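A short worksheet on the structure shown next.
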Amino acid sequence: MGPANHKNPVPCHDPSFSVDAGPPPCRLAGMFAVASRAGKEVRVKHHWRRWITPLCSLLLLGLALTLLYHLTHEWRWKDVRHALGSSSPRSLLNALLMTLVSYGCLCLYDLLAVRLAGARLPWLKVVQTSFVAYTFSNTLGFALLTGTSVRYRAYSAAGLSTGAIARIILFCSTTFFLGLAALGGMALIGGQSDWLQPLWPHWIAKLLDVAGWALLLLVAAYLIWPKRWSGRHADALPGQGARLAQLTVALLDWMAAAAVLYALLPAGSVSYPMLLSAFVLAALLGVLAHVPGGLGVFEAAMTLLLGHHIQANQLLAALLLYRIVYYLVPFTLALILLAIEELRQNRHLRSGVRYLRNLLPAFISLGTFAAGTLLLCSSVLPTLHSRIDAMLALWPLPLLELAHVLGGVSGILLLLLARGLYRRLDAAFHLAQLLLAVGMLFSLLKGDWEASLFLFVFLSIISPCRALFHRKGSLLHTPLTPANLLAIGAVLLGTLWLLLFSYRHVPYDPSLWLTFTPTASAARGLRAMGAVMAVMLMAGVAQLLSPLRQAAEPPTADELQRARSLISGDGDIHGALAQLGDKSLLFHPSGDAFLMYGCEGTSWIVMGDPIGQPHAIEELLWQFAELCDAHDVTPIIYQASPRYLPCYLELGLIPFKLGEEAIIDLNQFELSGGKLRNVRQSHSRGKRDGLSFEVIPACEVQHYLPMLRTISDAWLSKKQGREKGFSVGFFDEHYLCSNPLALVRKTDTERNESRLVGFANLWTGVSLHCLSVDLMRYHPDVDHGPIMDFLFVELLLWGKAQGYQHFNLGMAPMSGLNAPPLGSFWARLGNTLYRRGNRFYNFQGLRRYKEKYAPEWQPRYLLCSSKLALPRTLTHLIGLISRGPLALGKS
């Protein structure tokens, strides 16, 4: 155990199938009137909270490197190199043997866990999965994203359920910390009376003694805790025999891992029990620091604990070899095993090539980061005098000085480009090729032919992979994540420590910056580090000042006209929203279909199903998916019907049920009868109050716009809200003039005058299939109840008289979500919100109101790439509907 904390596609079913998962829909922005404002505050708070952990880790790493620098003040870099050269082949062989034993114990973690989970898998499969998972989490850190991902992929492919995989991961993590706590507690207790006590004051020794006993008591409690006292978690707790096996395997693992380092130290320099205690305590500090692999923190702790018993140069050399033997060698083997296994599973050549295409960008990104790290270290380390003399015989000193500075600059730029390569940006790939070639040249100019050879081999390997990097996103839109900050910050701190350690014998003087002599290696390293920090500062400023992600282009007048002609009214009546101009339009090459989408953050969200000829819909969806991939954004489908669900599933999208949409069959609609008694009475009341109804064609709407504007402004003022967009209409003159308009007037019999009190724009299609209404406004000084019922009844009667087949009443959010005890979390959440969320939005009241018209209910879905992306998707939806900074067509 090292010092780090490591330790079947969905079928296309019939489109009528029901999905019981559903998040709160964002279409009805009233529900989010408060949540939107609170959400912005929460996002701001969480934005800086997620940076706390990496910043604290970097602070601990900086403190550890500072401590390591002071503990090794008597030694120089050449002393460490001499100690490395004096290592015997026998010690390396013993270290490799103990590494094999340690990873064998790690594989026993998974074997025990799989057996306790009740799964029957081939032991070779389990061993291979465990080895790859642990090497990835050991070397790269971030165990949740590396080792856990490897286990989930391997075990889910073998047929294990998510619950079983979760129990396996929990068992392995518990085993890791069980051994760490047991040995750590014994080290703290046993060391206070012997070798640890002189390192700190008496009161700190007492606190550490208490901490040691607490760890041992925690281990003992875990071992003897009865399962019957565990309540609902009793199934997750192994039997006592399995817990003893956990402890035994964990102790063997930690002892073998410490033996790797013991084999690399000079014989007789320190006893094994003392080394084991120091090793476990240093590993504990590395885990608490959250630095990948405990890098720097582990070395500083080991130097502090054993510095009085072994020379620092020998200890540093052994720790460096330990990193190579225990981390890099198994990591290389794991990469080979992973590639072989994946190619074996994808036996067909085409499948294997597809897998490699998906895997290579991540490895190219990792290799680029390693190349940048190599260039940074090479720029600050001293060059052998014999090589400097050989270089100066070929070219002048200024060229050698320039090579050191620009080599370091190339290194930091490669570190910054690694994330862009992971996202497959073509600009990042071209720039990385250029920087690798330039770095290779600079390494040759300063005599570092080993680094130049590595860069040449790496550049030769990645050059044929140009086609994998096809995305057109800007490098300025590749922000540093907390993981990026931690990785780059750790490399910069390590490089700074190398600079200070290598030239500790050179007293700092401001004149060093302007010292240019063949022997002034310290001055060259100092200038290179200064240039690196300047580039990093400029990159940070560029990130802060970078523009927002560019929104898509607004539609042209010609595109709006083409879109209007494609709306038949057969299930695509929502296409009238295109006339708002706040969404971009994407047409099929044949012009027979289009979809409308909005851009918010990293999400491109399609409003409703694509519109047009069915034969072109599937190709149009793939066209949109390829466009999203080229711009490195996530495709989202909002308010999708079951009609094209198989196509959405083929795109890899997951459906979440939003609610149900009410459709009235106008052929069967009759105002008489018991079902519509309440509606009929409300309609009659409206007539008695002097309400009258009229539908005017789109060409006559222009004349009424001033009166409509007055009613709309009064309505908004009463509601104390602002116009929404994207999935609902807003008051826009072009939009209103694009559709017929229903008017409601009220006649005052005493004054014998009539005034306009309400209106609603109508959605119609080329065919007389479906009719719907979007923007509805009424004057606030008029009772809205009779107006709404009167308006809907008149619209239904008018639509039936005109020959329309159906009337779309819109969606009732959260309704129709089945939430059985074993249902999905989102289904239960949506059902709870529907039943108890009336303080935010009248979900049940809206359902009851539409139920009065005896409609047929049809499900509507939100589709996104994963369950984890759902909160971010909802946030972006709120931004679009509230017409945030990237909205098009603002009024």
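We name chains A, B, ... following the order of the structure tokens; residues begin at 1 in each chain, and ligands are numbered from 1 as shown.
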Report the residues of stretch 608-844 of chain A whose backbone DSSP state falls under strand (DSSP E), written as a ChimeraX atom specification.
/A:611-612,634-640,654-665,691-696,741-748,753-763,770-778,806-813
Residues of stretch 738-788 of chain A in helix (DSSP H, G or I), written as a list in words:
His784, Gly785, Pro786, Ile787 and Met788 of chain A
Quick one: contact table of stretch 117-139 of chain A to stretch 324-327 of chain A, 8 Å max, nearest atom pair and distance in Å to one decimal per residue, counting only C-alpha atoms, chain and number order, as a tab-separated table?
```
residue	atom	partner	partner_atom	distance
A:Thr135	CA	A:Tyr327	CA	6.9
A:Asn138	CA	A:Tyr327	CA	6.8
A:Thr139	CA	A:Tyr327	CA	5.7
```
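Here the question is which of A:Leu106, A:Asn739, A:Pro482, A:Gly212 gets nearest to A:Ser277 using only C-alpha atoms, and that residue is A:Gly212.
Among the candidates A:Tyr134, A:Ala267, A:Ala250, A:Ala317, the one nearest to A:Leu335 when counting only C-alpha atoms is A:Tyr134.
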